[in-house]
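Reviewing the structure listed below.
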Amino acid sequence: MEQFSFANPAFATYAIAAAIMVLKGVAMSWLTVVRMTTENAGFRNPEDGRKTPLNPKPHDQQLLPNERVERIRRIQMNDLENLPYFLVAGLLYVTTTPPLWLAQVLFYGYVATRLAHFVAYYTAQIHDIRAALWTPGSLIIIFMAGATLVAAF
Amino acid sequence: MEQFSFANPAFATYAIAAAIMVLKGVAMSWLTVVRMTTENAGFRNPEDGRKTPLNPKPHDQQLLPNERVERIRRIQMNDLENLPYFLVAGLLYVTTTPPLWLAQVLFYGYVATRLAHFVAYYTAQIHDIRAALWTPGSLIIIFMAGATLVAAF
Amino acid sequence: MEQFSFANPAFATYAIAAAIMVLKGVAMSWLTVVRMTTENAGFRNPEDGRKTPLNPKPHDQQLLPNERVERIRRIQMNDLENLPYFLVAGLLYVTTTPPLWLAQVLFYGYVATRLAHFVAYYTAQIHDIRAALWTPGSLIIIFMAGATLVAAF
């Protein structure tokens, strides 16, 4: 059986978790677009203040930071600081042939806490709640990278 | 045949597209260096304002944002928001054993539109053109992640 | 022998280097948390200024940029601009079945120079030293992506 095939249930679990996380990450770009459009502000490039079909009502505040847009950008940045490491550590972890139940706990646990972290961030919950929802995912990445090191040596 | 070998034409296509995108992404770091050098400005660290062999003519504006440098940083940031997701979604997509022609359309279509997006961003085209060149790539990532989910379940 | 198994010494080398780099990248998030806590400043979200169990002593400067926190964020950003490309280029490079000694030089050379780059950045060495420690890693990524292109065509 090939390791990186859907016949390997640990890989299939990884693939599902990874695909969901990729979709989540890409969704932040679209959410930024939606926010910039509804706010008609928060643009970043000098040329974005020009009147165009997609910017029919330019005004001179459009290029200033807009908190509702910046929140989405911070969420996206948080994804960039976490998801690529998860995506690689998870793939490596599959090659350690972990028990399926553990792979499922780690992969789906990561997805669940990251989605909950998004909801908490999006709705501006206090930092303590965000921290509680960010920490498990970070520990999962550390555990998987550590398990890879142990298996590779 | 191993899935992730060049004997698998879908993987070979992915490998070519991924390698080009990695080179493109890394090139942004070098372009930032070139811009900071030619502008002699746009540095970010307090210690970067010191006189050194690489900074023979320090001046007190060097640490302020420089629009010509910031543009490259925004292009690089746009890569970071997109390329890692493409690189992972593409590898997962190969494991779904897609028809070769479709893999080629998606992988090379991604590369072509991202390179065109770079040209548009670099030359400060209006947002509408950038948006038109960014959107296909984002949809390609979403399609590949979705196809992975369908195949994995 | 499966290519992406620890029985393949080039893959095992990659897995060790990749796991160390993932741990290094994730450590920057934790270091940011430590710095924000010890500085009691450098927070980014409006809601982070509220009094909570994790923020017992709020003050009205907490949301302003703090240079000691910002330094860690710049180091983390530098990782995001480099590590994902290394992680993908390295995995692709393994599929080119490189000589083991060369794979070891490239993978461990990358790890060594990136860790040295971190020490230089963290201790605020002049830009020239940072540049000298950043350049080998970037050239290693370019070499591995180039070798992948050559092998895939």
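Naming scheme: A, B, ... for chains in displayed order of the structure tokens; residues 1 onward per chain; ligands 1 onward as shown.
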Checklist entry - Can you list, as a list in words, every protein, DNA or RNA residue that comes within 8 Å of Pro99 (chain A) when you count only C-alpha atoms, leaving out same-chain residues fewer than 3 positions away? => result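 Close residues of Pro99 (chain A): Ala10, Leu102 and Ala103 of chain A.
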Checklist entry - Mind listing as a PyMOL selection string which residues of chain B are within 10 Å of chain A, counting only C-alpha atoms? => result chain B and resi 1-4+67+70-71+74+77-78+80-82+84-89+92-97+121+124-129+131+135+138-139+141-153
